[in-house]
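*Asks:* work_21.cif is reproduced in full below (mmCIF, C-alpha atoms and all ligand atoms).
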```cif
data_work
#
loop_
_atom_site.label_atom_id
_atom_site.label_comp_id
_atom_site.auth_asym_id
_atom_site.auth_seq_id
_atom_site.Cartn_x
_atom_site.Cartn_y
_atom_site.Cartn_z
CA MET A 300 24.07 216.18 -127.64
CA LYS A 301 23.60 217.66 -131.05
CA SER A 302 24.68 221.23 -131.57
CA TYR A 303 22.28 224.14 -131.81
CA THR A 304 23.22 224.55 -135.46
CA ASP A 305 22.41 220.92 -136.31
CA ASN A 306 19.04 221.10 -134.58
CA ILE A 307 18.21 224.37 -136.28
CA LYS A 308 19.04 222.90 -139.68
CA GLU A 309 17.03 219.77 -139.00
CA ILE A 310 13.93 221.68 -137.91
CA SER A 311 14.22 224.16 -140.78
CA LYS A 312 14.57 221.44 -143.39
CA ARG A 313 11.56 219.61 -142.01
CA LEU A 314 9.44 222.79 -142.08
CA LEU A 315 10.37 223.51 -145.69
CA LYS A 316 9.95 219.91 -146.77
CA GLU A 317 6.48 219.63 -145.25
CA ASP A 318 5.62 222.99 -146.81
CA LYS A 319 4.72 224.47 -143.44
CA VAL A 320 6.58 227.69 -144.24
CA ASP A 321 7.77 229.56 -147.31
CA MET A 322 11.11 230.49 -145.76
CA VAL A 323 13.11 230.22 -142.59
CA ILE A 324 14.92 233.26 -141.26
CA GLY A 325 18.20 232.48 -139.53
CA TYR A 326 21.84 233.48 -139.72
CA ARG A 327 24.73 232.62 -141.99
CA THR A 328 28.38 233.47 -141.73
CA GLY A 329 28.85 237.16 -142.40
CA SER A 330 31.37 238.78 -144.69
CA VAL A 331 33.30 240.04 -141.68
CA PRO A 332 34.12 238.06 -138.53
CA LEU A 333 31.96 238.55 -135.41
CA MET A 334 28.96 239.62 -137.48
CA HIS A 335 26.76 236.82 -138.75
CA GLN A 336 24.19 238.05 -141.21
CA PRO A 337 20.47 237.39 -141.30
CA PHE A 338 19.63 234.88 -144.01
CA PHE A 339 16.32 233.83 -145.56
CA ALA A 340 16.51 230.15 -146.50
CA GLN A 341 13.86 229.33 -149.08
CA ASN A 342 14.77 225.73 -149.79
CA GLN A 343 16.48 222.84 -148.05
CA GLU A 344 19.85 223.40 -149.73
CA GLU A 345 19.99 226.96 -148.48
CA VAL A 346 19.36 225.76 -144.95
CA ASP A 347 22.86 224.24 -144.99
CA GLU A 348 24.27 227.75 -144.82
CA PHE A 349 22.73 228.35 -141.39
CA VAL A 350 25.02 228.84 -138.39
CA TRP A 351 24.40 229.43 -134.72
CA ASP A 352 26.97 230.70 -132.23
CA SER A 353 27.74 233.78 -130.16
CA ASN A 354 27.83 236.13 -133.13
CA CYS A 355 24.13 236.09 -133.94
CA GLY A 356 23.37 239.36 -132.22
CA LEU A 357 21.24 241.03 -134.85
CA ASN A 358 17.54 240.92 -134.11
CA LEU A 359 15.59 238.82 -136.61
CA ALA A 360 12.26 240.38 -135.65
CA ASN A 361 13.49 243.30 -137.74
CA TYR A 362 12.92 241.27 -140.90
CA ILE A 363 9.30 240.22 -140.52
CA THR A 364 7.63 243.64 -140.54
CA ASP A 365 4.53 243.61 -142.77
CA ARG A 366 5.58 240.39 -144.53
CA THR A 367 2.85 238.27 -146.04
CA GLU A 368 4.58 234.88 -146.38
CA ARG A 369 4.50 232.01 -143.93
CA ILE A 370 7.74 232.37 -142.05
CA GLY A 371 9.85 230.13 -139.86
CA ILE A 372 12.04 232.24 -137.63
CA LEU A 373 14.71 231.63 -135.02
CA ALA A 374 14.03 233.40 -131.76
CA THR A 375 16.08 233.82 -128.63
CA GLY A 376 14.55 235.37 -125.51
CA CYS A 377 14.81 238.97 -126.66
CA ASN A 378 14.03 238.20 -130.32
CA SER A 379 10.88 236.33 -129.28
CA ARG A 380 9.82 239.32 -127.20
CA ASN A 381 10.30 241.61 -130.19
CA ILE A 382 8.22 239.21 -132.26
CA ALA A 383 5.51 239.46 -129.59
CA VAL A 384 5.71 243.27 -129.79
CA HIS A 385 5.33 243.01 -133.58
CA ILE A 386 2.24 240.84 -133.16
CA VAL A 387 0.68 243.24 -130.63
CA GLU A 388 1.41 246.18 -132.93
CA GLY A 389 -0.17 244.42 -135.90
CA LYS A 390 3.04 244.13 -137.92
CA ILE A 391 2.73 240.37 -138.42
CA LYS A 392 0.15 237.69 -137.62
CA ARG A 393 0.93 234.91 -135.18
CA GLU A 394 -0.54 232.35 -137.62
CA GLN A 395 2.05 233.32 -140.22
CA LEU A 396 4.91 232.39 -137.96
CA TYR A 397 6.53 229.17 -136.93
CA ILE A 398 8.86 230.22 -134.14
CA ILE A 399 11.93 228.08 -133.53
CA GLY A 400 12.81 228.96 -129.96
CA ILE A 401 16.47 229.20 -129.00
CA PRO A 402 17.39 229.21 -125.32
CA CYS A 403 20.17 231.76 -125.47
CA LYS A 404 23.56 231.76 -123.81
CA GLY A 405 24.41 235.30 -124.78
CA MET A 406 26.20 237.05 -127.60
CA VAL A 407 29.75 238.32 -127.56
CA ASP A 408 30.57 241.99 -127.72
CA ARG A 409 32.50 242.58 -130.91
CA HIS A 410 33.85 245.89 -129.66
CA LYS A 411 35.27 244.26 -126.52
CA LEU A 412 36.89 241.48 -128.56
CA SER A 413 38.37 243.91 -131.07
CA ALA A 414 39.88 245.88 -128.23
CA MET A 415 41.54 242.74 -126.88
CA ALA A 416 43.02 241.68 -130.19
CA ASP A 417 46.52 242.61 -131.32
CA GLY A 418 45.43 243.56 -134.80
CA ASP A 419 42.49 242.78 -137.02
CA ILE A 420 40.50 239.69 -136.13
CA THR A 421 40.18 237.38 -139.11
CA SER A 422 38.37 234.46 -137.56
CA VAL A 423 36.48 233.54 -134.42
CA GLU A 424 35.98 230.12 -132.94
CA ASP A 425 33.12 229.69 -130.52
CA GLU A 426 34.01 226.51 -128.62
CA ASN A 427 30.50 226.28 -127.18
CA ASN A 428 32.07 225.43 -123.84
CA GLY A 429 32.29 228.95 -122.55
CA SER A 430 35.40 230.09 -124.35
CA ILE A 431 36.01 232.09 -127.50
CA THR A 432 39.15 232.03 -129.61
CA ILE A 433 40.00 234.95 -131.82
CA THR A 434 42.66 234.70 -134.47
CA GLY A 435 44.32 237.21 -136.74
CA GLN A 436 47.66 237.78 -138.39
CA ASN A 437 50.36 236.75 -135.90
CA PHE A 438 48.07 236.29 -132.94
CA SER A 439 45.58 233.90 -131.44
CA LYS A 440 43.87 234.34 -128.13
CA THR A 441 41.37 232.36 -126.12
CA VAL A 442 39.13 234.24 -123.74
CA ASP A 443 36.39 233.41 -121.30
CA LYS A 444 33.05 234.06 -122.97
CA ALA A 445 31.57 235.48 -119.77
CA GLU A 446 34.11 238.29 -119.89
CA VAL A 447 33.28 239.36 -123.40
CA LEU A 448 29.49 239.07 -123.33
CA GLN A 449 27.50 242.02 -124.57
CA GLU A 450 26.47 244.06 -121.56
CA ASN A 451 22.77 243.51 -122.25
CA CYS A 452 23.32 239.74 -122.39
CA SER A 453 25.28 239.67 -119.15
CA VAL A 454 22.33 241.26 -117.32
CA CYS A 455 19.58 239.48 -119.27
CA VAL A 456 16.73 237.92 -117.29
CA HIS A 457 14.79 236.50 -120.25
CA ARG A 458 17.14 234.12 -122.03
CA ASN A 459 14.49 231.59 -122.95
CA PRO A 460 11.99 232.49 -125.65
CA VAL A 461 8.60 233.65 -124.35
CA ILE A 462 6.67 232.35 -127.36
CA TYR A 463 7.68 229.51 -129.63
CA ASP A 464 6.33 226.53 -131.52
CA GLU A 465 9.32 224.32 -130.96
CA LEU A 466 12.60 224.58 -129.06
CA ALA A 467 15.94 223.88 -130.70
CA ALA A 468 17.60 223.02 -127.39
CA GLU A 469 16.80 222.56 -123.74
CA GLU A 470 15.89 225.65 -121.78
CA VAL A 471 18.72 227.42 -120.01
CA THR A 472 18.62 228.61 -116.41
CA GLU A 473 17.44 232.18 -116.12
CA GLN A 474 19.41 234.77 -114.21
CA LYS A 475 17.48 236.45 -111.43
CA ARG A 476 17.20 240.18 -110.88
CA ASP A 477 18.50 239.63 -107.35
CA ASP A 478 21.73 238.12 -108.65
CA VAL A 479 22.45 240.43 -111.55
CA ASP A 480 21.21 243.98 -111.45
CA PRO A 481 20.07 244.85 -114.98
CA TYR A 482 19.98 248.50 -114.05
CA ALA A 483 23.37 248.89 -112.39
CA ARG A 484 24.61 251.11 -115.19
CA VAL A 485 21.45 253.22 -115.23
CA LYS A 486 21.80 253.72 -111.49
CA GLU A 487 25.39 254.89 -111.91
CA ILE A 488 24.20 257.60 -114.27
CA GLU A 489 21.23 258.47 -112.06
CA ALA A 490 23.62 259.16 -109.21
CA LEU A 491 25.44 261.89 -111.16
CA SER A 492 24.68 265.60 -110.92
CA PRO A 493 22.85 267.27 -113.83
CA GLU A 494 26.14 268.70 -115.14
CA GLU A 495 27.85 265.34 -115.00
CA LYS A 496 24.92 263.67 -116.69
CA TRP A 497 24.97 266.23 -119.46
CA ALA A 498 28.70 265.70 -119.89
CA HIS A 499 28.29 261.92 -119.87
CA PHE A 500 25.87 261.98 -122.78
CA ASP A 501 27.92 264.60 -124.64
CA ASP A 502 30.90 262.33 -124.36
CA LEU A 503 28.88 259.22 -125.23
CA LEU A 504 27.62 260.77 -128.45
CA SER A 505 30.77 262.63 -129.44
CA ASP A 506 31.74 260.00 -132.04
CA CYS A 507 28.28 259.54 -133.54
CA ILE A 508 28.31 259.99 -137.31
CA ARG A 509 24.52 259.87 -137.71
CA CYS A 510 24.73 256.78 -139.92
CA TYR A 511 21.45 255.48 -138.40
CA ALA A 512 22.73 251.90 -138.27
CA CYS A 513 21.35 251.69 -134.72
CA ARG A 514 17.92 252.70 -135.94
CA ASN A 515 18.00 250.39 -138.95
CA ALA A 516 18.99 247.39 -136.84
CA CYS A 517 16.17 248.00 -134.39
CA PRO A 518 13.00 245.96 -134.97
CA LEU A 519 10.94 248.73 -133.38
CA CYS A 520 12.07 251.34 -135.90
CA TYR A 521 9.83 250.28 -138.74
CA CYS A 522 8.19 253.61 -139.66
CA PRO A 523 8.18 254.06 -143.45
CA LEU A 524 9.48 257.60 -142.96
CA CYS A 525 11.53 258.21 -139.83
CA PHE A 526 11.23 261.61 -138.15
CA VAL A 527 14.92 262.26 -138.81
CA ASP A 528 14.49 261.77 -142.56
CA GLU A 529 11.43 263.94 -142.91
CA SER A 530 12.22 267.25 -144.58
CA ASN A 531 8.83 268.94 -144.62
CA PRO A 532 8.61 269.83 -141.81
CA GLN A 533 12.15 269.12 -140.76
CA TRP A 534 11.83 267.97 -137.15
CA VAL A 535 15.51 267.66 -136.49
CA GLY A 536 18.58 269.07 -138.22
CA LYS A 537 20.71 266.71 -140.26
CA SER A 538 24.08 267.98 -139.07
CA ILE A 539 26.37 266.48 -136.46
CA ASP A 540 25.75 269.49 -134.27
CA HIS A 541 25.58 268.19 -130.67
CA THR A 542 22.01 269.35 -130.31
CA ASP A 543 20.89 267.53 -133.45
CA VAL A 544 22.68 264.33 -132.51
CA ARG A 545 21.25 264.34 -129.02
CA THR A 546 17.77 265.14 -130.30
CA PHE A 547 17.91 262.18 -132.67
CA HIS A 548 18.99 259.82 -129.91
CA PHE A 549 16.63 260.81 -127.17
CA LEU A 550 13.63 261.04 -129.46
CA ARG A 551 14.39 257.65 -130.95
CA ALA A 552 14.62 256.30 -127.42
CA TYR A 553 11.18 257.72 -126.60
CA HIS A 554 9.75 256.03 -129.66
CA CYS A 555 11.01 252.76 -128.21
CA ALA A 556 9.70 253.39 -124.70
CA GLY A 557 7.75 250.43 -123.38
CA ARG A 558 8.67 248.45 -126.50
CA CYS A 559 12.41 247.98 -126.21
CA THR A 560 13.50 244.51 -125.13
CA ASP A 561 17.13 245.47 -124.62
CA CYS A 562 18.21 243.09 -127.37
CA GLY A 563 21.32 245.16 -128.01
CA ALA A 564 21.10 245.08 -131.82
CA CYS A 565 21.45 248.86 -131.87
CA VAL A 566 24.70 248.79 -129.94
CA ARG A 567 26.06 245.84 -131.90
CA SER A 568 25.46 247.54 -135.21
CA CYS A 569 27.03 250.88 -134.29
CA PRO A 570 30.27 251.25 -136.25
CA VAL A 571 31.86 253.42 -133.60
CA GLY A 572 30.72 251.45 -130.57
CA ILE A 573 28.31 253.87 -128.91
CA ASN A 574 26.23 252.35 -126.15
CA VAL A 575 22.90 253.85 -127.20
CA ARG A 576 21.26 251.63 -124.59
CA ASP A 577 22.18 254.31 -122.05
CA PHE A 578 19.02 256.02 -123.30
CA THR A 579 16.70 253.05 -123.83
CA LYS A 580 17.64 251.19 -120.65
CA LYS A 581 16.55 254.13 -118.52
CA LEU A 582 13.12 254.05 -120.13
CA GLU A 583 12.96 250.31 -119.70
CA LYS A 584 13.66 250.75 -115.98
CA ASP A 585 11.03 253.48 -115.71
CA CYS A 586 8.44 251.29 -117.40
CA LEU A 587 9.11 248.52 -114.93
CA GLU A 588 8.98 250.83 -111.93
CA LEU A 589 6.07 253.04 -112.98
CA PHE A 590 3.87 250.62 -114.90
CA ASP A 591 5.19 247.24 -113.77
CA TRP A 592 5.78 246.61 -117.46
CA GLU A 593 8.24 244.58 -119.48
CA ALA A 594 7.90 244.63 -123.24
CA GLY A 595 6.92 241.60 -125.28
CA LEU A 596 6.18 239.08 -122.56
CA ASN A 597 2.90 238.07 -124.19
CA THR A 598 0.84 238.79 -127.27
CA GLU A 599 -2.29 240.06 -125.55
CA GLN A 600 -1.39 243.02 -123.40
CA ARG A 601 -1.30 246.52 -124.86
CA PRO A 602 1.84 248.52 -124.04
CA PRO A 603 1.64 251.13 -121.23
CA LEU A 604 1.97 254.14 -123.49
CA ASP A 605 -1.12 253.33 -125.55
CA THR A 606 -3.40 252.55 -122.65
CA TYR A 607 -4.91 254.72 -119.98
CA ARG A 608 -5.45 253.73 -116.41
CA PRO A 609 -6.98 256.08 -113.88
CA ASP A 610 -4.11 255.29 -111.53
CA ASP A 611 -1.34 256.12 -114.03
CA PRO A 612 1.43 257.97 -112.22
CA GLU A 613 1.18 261.73 -112.75
CA GLU A 614 3.26 263.26 -109.97
CA PHE A 615 5.24 265.25 -112.53
CA ILE A 616 2.19 267.27 -113.66
CA LYS A 617 1.58 270.32 -111.49
CA MET B 159 9.19 262.14 -120.54
CA LYS B 160 10.52 264.12 -117.62
CA ASN B 161 12.61 261.26 -116.30
CA LEU B 162 14.74 260.71 -119.39
CA LEU B 163 15.28 264.43 -119.92
CA GLU B 164 16.52 264.69 -116.37
CA HIS B 165 18.51 261.52 -116.84
CA MET B 166 20.51 263.08 -119.62
CA GLY B 167 21.31 266.15 -117.62
CA ILE B 168 18.52 268.69 -117.95
CA GLU B 169 18.03 270.26 -114.51
CA PRO B 170 14.62 269.56 -112.90
CA GLU B 171 14.19 273.32 -112.53
CA ARG B 172 14.02 273.66 -116.29
CA LEU B 173 11.27 271.10 -116.70
CA HIS B 174 7.67 271.76 -115.84
CA PHE B 175 4.50 270.00 -116.84
CA SER B 176 1.12 271.47 -116.22
CA TRP B 177 -2.44 271.01 -117.31
CA ILE B 178 -4.08 274.39 -117.89
CA SER B 179 -7.44 274.95 -119.52
CA SER B 180 -7.90 277.92 -121.85
CA ALA B 181 -10.22 279.39 -119.23
CA GLU B 182 -7.65 279.29 -116.47
CA SER B 183 -5.78 282.51 -117.17
CA THR B 184 -4.75 283.06 -113.56
CA LYS B 185 -3.36 279.57 -113.29
CA PHE B 186 -1.35 280.20 -116.46
CA VAL B 187 0.18 283.39 -115.05
CA ASP B 188 0.89 281.61 -111.82
CA VAL B 189 2.62 278.67 -113.49
CA ALA B 190 4.55 280.88 -115.90
CA THR B 191 5.90 282.93 -113.01
CA LYS B 192 6.93 279.87 -111.05
CA VAL B 193 8.62 278.33 -114.10
CA THR B 194 10.66 281.45 -114.82
CA GLU B 195 11.63 281.83 -111.19
CA ALA B 196 12.73 278.22 -110.93
CA ALA B 197 14.74 278.43 -114.14
CA LYS B 198 16.37 281.71 -113.10
CA SER B 199 17.32 280.28 -109.73
CA LEU B 200 19.64 277.80 -111.43
CA GLU B 201 23.32 278.34 -110.81
CA ASN B 202 24.34 276.81 -114.10
CA LYS B 203 23.34 279.36 -116.72
CA GLU B 204 24.79 277.43 -119.63
CA LYS B 205 22.22 277.09 -122.38
CA LYS B 206 21.20 273.62 -123.43
CA PHE B 207 19.75 272.40 -126.68
CA VAL B 208 20.94 275.46 -128.56
CA LYS B 209 22.47 274.83 -131.94
CA THR B 210 25.85 276.29 -132.71
CA LYS B 211 26.41 274.99 -136.19
CA PRO B 212 24.65 276.35 -139.26
CA LYS B 213 21.64 274.45 -140.50
CA VAL B 214 22.07 272.04 -143.39
CA ALA B 215 19.17 270.65 -145.30
S1 LIG A 701 16.32 250.05 -129.05
FE1 LIG A 701 18.11 248.68 -129.29
S2 LIG A 701 17.91 247.21 -127.58
FE2 LIG A 701 15.89 248.20 -127.83
S3 LIG A 701 14.72 246.83 -129.20
FE3 LIG A 701 15.73 248.41 -130.49
S4 LIG A 701 17.67 247.47 -131.15
FE4 LIG A 701 16.90 246.26 -129.39
S1 LIG A 702 24.89 253.53 -135.21
FE1 LIG A 702 26.27 254.67 -133.87
S2 LIG A 702 27.20 256.25 -135.21
FE2 LIG A 702 25.40 255.43 -136.29
S3 LIG A 702 23.73 256.85 -135.72
FE3 LIG A 702 23.67 255.14 -134.24
S4 LIG A 702 24.94 255.82 -132.51
FE4 LIG A 702 25.41 257.17 -134.24
#
```
Would you write out, as structure tokens, the structure that this file holds?
*Replies:*
Amino acid sequence: MKSYTDNIKEISKRLLKEDKVDMVIGYRTGSVPLMHQPFFAQNQEEVDEFVWDSNCGLNLANYITDRTERIGILATGCNSRNIAVHIVEGKIKREQLYIIGIPCKGMVDRHKLSAMADGDITSVEDENNGSITITGQNFSKTVDKAEVLQENCSVCVHRNPVIYDELAAEEVTEQKRDDVDPYARVKEIEALSPEEKWAHFDDLLSDCIRCYACRNACPLCYCPLCFVDESNPQWVGKSIDHTDVRTFHFLRAYHCAGRCTDCGACVRSCPVGINVRDFTKKLEKDCLELFDWEAGLNTEQRPPLDTYRPDDPEEFIK
Amino acid sequence: MKNLLEHMGIEPERLHFSWISSAESTKFVDVATKVTEAAKSLENKEKKFVKTKPKVA
């Protein structure tokens, strides 16, 4: 069996050669280990830089907003759902895209791996057989990939792309909600008292430096001027006052309500390892329970928060 | 809206949503009274969402 990377290169070269697309968006080795970077290959030589392994956790849908070229793009389950959201929201046209579907086996959590390492990790080997080897000065360690998966990947129920033009590998078996509970962590928080909840989020956000990497990595956050950057009027203070930090996070989460695919790019990009999905995952759960809605499963349906149905739940209004 | 606010630790007693027309003055008084009573009944009087650090532009 040929590797994912080989197939991706083959398909990309063919698309460029036949002039079906102007560029293919994929990943190449990043400047630091564990973080492959998005890469736009515009000719066949550049395609040779492409890689595919468990470090491709950034969401490529982030790079197609309002683009006018014909684009080939790699898409895992979550990435393809974000592409669908983009199409529904009018940020790209389906005809412009040639989607190379990637049945996904999950991405590794760089924060978990760093915590396991005895020093700085200088290189990572993804054996593609379920184990990951990390190496640094004076150490080398092989770990089970399942143990170091990103949390969102370990509970993912949409590993195969929902829309694609061609698959780069055979579909993988989907996990079922009955076997893995995607909302286990949300439920843990739900079970706390208001005081404990407040403390949990205070603690969660205590290291946040307001760098906005989480926002920038998110394909949903494409507004030309984000509410946190606006200065007239200034919606939210720019300090690291707890209130400002929390306001940024919960408002950003609301802006993603009914659109978030739980791709985890926000968490992966955070320099201090904050699980901002503690906010978005709750909204994702609510959307499923209240509106029977999961974001990005097709390109036709309008999201729940921009449609009205007479039977919309309204118990909270008195 | 209400769910996530409660999820991050705002007590349900502090959150009220109501639909009141400008003609419904009695309903407004009624709701306002209930809201204040509910909020005052809370044991935890700690203020939330109050800034302690000076504003920077
Ligand atoms: S909020 Fe995070 S998990 Fe959700 S779509 Fe954006 S980057 Fe992905
Ligand atoms: S990436 Fe992390 S530190 Fe930066 S704003 Fe987001 S949560 Fe805060």
*Asks:* Show which residues sit within 7 Å of region 365-368 of chain A, as a list in words. Count all atoms listed in the file, and ignore same-chain residues fewer than 5 positions away.
*Replies:* Asp321, Lys390, Ile391 and Gln395 of chain A
*Asks:* As JSON, numbers by chain, please: every protein or nucleic acid residue near ligand LIG 702 (chain A) (cut-off 7 Å, counting all atoms listed in the file).
*Replies:* {"A": [504, 506, 507, 508, 509, 510, 511, 512, 513, 514, 565, 568, 569, 570, 571, 572, 573, 575]}
*Asks:* With the cut-off set at 9 Å and counting only C-alpha atoms and all ligand atoms, tabulate each residue of chain A with an atom at most that distance from an atom of ligand LIG 701 (chain A), showing the nearest atom pair and its distance in Å to one decimal, ordered by chain and increasing number, as CSV.
*Replies:*
```
residue,atom,partner,partner_atom,distance
A:Leu357,CA,A:LIG701,S4,8.2
A:Asn358,CA,A:LIG701,FE4,7.2
A:Asn361,CA,A:LIG701,S4,8.8
A:Cys377,CA,A:LIG701,FE4,8.1
A:Asn378,CA,A:LIG701,FE4,8.6
A:Asn381,CA,A:LIG701,S3,6.9
A:Asn451,CA,A:LIG701,S2,8.1
A:Cys513,CA,A:LIG701,S4,6.6
A:Arg514,CA,A:LIG701,S4,7.1
A:Asn515,CA,A:LIG701,S4,8.3
A:Ala516,CA,A:LIG701,S4,5.8
A:Cys517,CA,A:LIG701,S4,3.6
A:Pro518,CA,A:LIG701,FE3,5.8
A:Leu519,CA,A:LIG701,FE3,5.6
A:Cys520,CA,A:LIG701,FE3,7.2
A:Arg551,CA,A:LIG701,S1,8.1
A:Ala552,CA,A:LIG701,S1,6.7
A:His554,CA,A:LIG701,S1,8.9
A:Cys555,CA,A:LIG701,S1,6.0
A:Ala556,CA,A:LIG701,S1,8.6
A:Arg558,CA,A:LIG701,S3,6.8
A:Cys559,CA,A:LIG701,FE2,3.8
A:Thr560,CA,A:LIG701,S3,4.8
A:Asp561,CA,A:LIG701,S2,3.5
A:Cys562,CA,A:LIG701,FE4,4.0
A:Gly563,CA,A:LIG701,S2,4.0
A:Ala564,CA,A:LIG701,S4,4.2
A:Cys565,CA,A:LIG701,S4,4.1
A:Val566,CA,A:LIG701,FE1,6.6
A:Arg567,CA,A:LIG701,S4,8.6
A:Ser568,CA,A:LIG701,S4,8.8
A:Val575,CA,A:LIG701,FE1,7.4
A:Arg576,CA,A:LIG701,S2,6.3
A:Phe578,CA,A:LIG701,S1,8.7
A:Thr579,CA,A:LIG701,S1,6.0
A:Lys580,CA,A:LIG701,FE2,8.0
A:Glu583,CA,A:LIG701,FE2,8.9
```
*Asks:* What does the distance between CA of Ser176 (chain B) and CA of Phe590 (chain A) come to in Å, to one decimal place?
*Replies:*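 Taking CA of Ser176 (chain B) and CA of Phe590 (chain A), their separation equals 21.1 Å.
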*Asks:* How close does each residue of chain A get to chain B, giving the shortest atom pair and distance in Å to one decimal for every residue with an atom at most 7 Å away, counting all atoms listed in the file, sorted by chain and residue number, as JSON lines?
*Replies:*
```
{"residue": "A:Glu489", "atom": "CA", "partner": "B:His165", "partner_atom": "CA", "distance": 6.3}
{"residue": "A:Pro493", "atom": "CA", "partner": "B:Gly167", "partner_atom": "CA", "distance": 4.2}
{"residue": "A:Glu494", "atom": "CA", "partner": "B:Gly167", "partner_atom": "CA", "distance": 6.0}
{"residue": "A:Lys496", "atom": "CA", "partner": "B:Gly167", "partner_atom": "CA", "distance": 4.5}
{"residue": "A:Trp497", "atom": "CA", "partner": "B:Gly167", "partner_atom": "CA", "distance": 4.1}
{"residue": "A:Phe500", "atom": "CA", "partner": "B:Met166", "partner_atom": "CA", "distance": 6.3}
{"residue": "A:Gly536", "atom": "CA", "partner": "B:Lys213", "partner_atom": "CA", "distance": 6.6}
{"residue": "A:Lys537", "atom": "CA", "partner": "B:Val214", "partner_atom": "CA", "distance": 6.3}
{"residue": "A:Ser538", "atom": "CA", "partner": "B:Val214", "partner_atom": "CA", "distance": 6.3}
{"residue": "A:Asp540", "atom": "CA", "partner": "B:Lys211", "partner_atom": "CA", "distance": 5.9}
{"residue": "A:Thr542", "atom": "CA", "partner": "B:Phe207", "partner_atom": "CA", "distance": 5.3}
{"residue": "A:Lys581", "atom": "CA", "partner": "B:Leu162", "partner_atom": "CA", "distance": 6.9}
{"residue": "A:Leu582", "atom": "CA", "partner": "B:Leu162", "partner_atom": "CA", "distance": 6.9}
{"residue": "A:Phe615", "atom": "CA", "partner": "B:Phe175", "partner_atom": "CA", "distance": 6.5}
{"residue": "A:Ile616", "atom": "CA", "partner": "B:Phe175", "partner_atom": "CA", "distance": 4.8}
{"residue": "A:Lys617", "atom": "CA", "partner": "B:Ser176", "partner_atom": "CA", "distance": 4.9}
```
*Asks:* Restricting the output to C-alpha atoms, write the selected residues as an mmCIF file, in the frame of the given file.
*Replies:*
```cif
data_model
loop_
_atom_site.group_PDB
_atom_site.id
_atom_site.type_symbol
_atom_site.label_atom_id
_atom_site.label_comp_id
_atom_site.auth_asym_id
_atom_site.auth_seq_id
_atom_site.Cartn_x
_atom_site.Cartn_y
_atom_site.Cartn_z
ATOM 1 C CA GLU A 489 21.230 258.470 -112.060
ATOM 2 C CA PRO A 493 22.850 267.270 -113.830
ATOM 3 C CA GLU A 494 26.140 268.700 -115.140
ATOM 4 C CA LYS A 496 24.920 263.670 -116.690
ATOM 5 C CA TRP A 497 24.970 266.230 -119.460
ATOM 6 C CA PHE A 500 25.870 261.980 -122.780
ATOM 7 C CA GLY A 536 18.580 269.070 -138.220
ATOM 8 C CA LYS A 537 20.710 266.710 -140.260
ATOM 9 C CA SER A 538 24.080 267.980 -139.070
ATOM 10 C CA ASP A 540 25.750 269.490 -134.270
ATOM 11 C CA THR A 542 22.010 269.350 -130.310
ATOM 12 C CA LYS A 581 16.550 254.130 -118.520
ATOM 13 C CA LEU A 582 13.120 254.050 -120.130
ATOM 14 C CA PHE A 615 5.240 265.250 -112.530
ATOM 15 C CA ILE A 616 2.190 267.270 -113.660
ATOM 16 C CA LYS A 617 1.580 270.320 -111.490
#
```
*Asks:* Could you please determine the separation between CA of Ile462 (chain A) and CA of Gly429 (chain A) in Å, to one decimal place?
*Replies:*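 Answer for the CA of Ile462 (chain A) to CA of Gly429 (chain A) separation: 26.3 Å.
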*Asks:* Pick out the residues sitting within 12 Å of Lys404 (chain A), and hand them over as a PyMOL selection string; count only C-alpha atoms, and ignore anything fewer than 2 positions along from it in its own chain.
*Replies:* chain A and resi 303+351-356+375-377+401-402+406-407+425+427-430+444-445+448-449+451-460+468-474
*Asks:* Will you model N, CA, C and O atoms for region 368-373 of chain A and pass it back as a short mmCIF file (atom, residue, chain, number, x, y, z; two decimals), in the coordinates of the input?
*Replies:*
```cif
data_model
loop_
_atom_site.label_atom_id
_atom_site.label_comp_id
_atom_site.auth_asym_id
_atom_site.auth_seq_id
_atom_site.Cartn_x
_atom_site.Cartn_y
_atom_site.Cartn_z
N GLU A 368 4.33 236.32 -146.24
CA GLU A 368 4.58 234.88 -146.38
C GLU A 368 4.39 234.14 -145.06
O GLU A 368 4.24 234.75 -144.01
N ARG A 369 4.45 232.81 -145.15
CA ARG A 369 4.50 232.01 -143.93
C ARG A 369 5.97 231.85 -143.58
O ARG A 369 6.76 231.38 -144.40
N ILE A 370 6.33 232.26 -142.37
CA ILE A 370 7.74 232.37 -142.05
C ILE A 370 8.13 231.52 -140.85
O ILE A 370 7.47 231.54 -139.82
N GLY A 371 9.21 230.77 -141.01
CA GLY A 371 9.85 230.13 -139.86
C GLY A 371 10.92 231.08 -139.39
O GLY A 371 11.62 231.69 -140.19
N ILE A 372 11.06 231.27 -138.11
CA ILE A 372 12.04 232.24 -137.63
C ILE A 372 12.69 231.77 -136.34
O ILE A 372 12.03 231.20 -135.48
N LEU A 373 14.01 231.96 -136.26
CA LEU A 373 14.71 231.63 -135.02
C LEU A 373 14.44 232.73 -134.01
O LEU A 373 14.38 233.89 -134.38
#
```
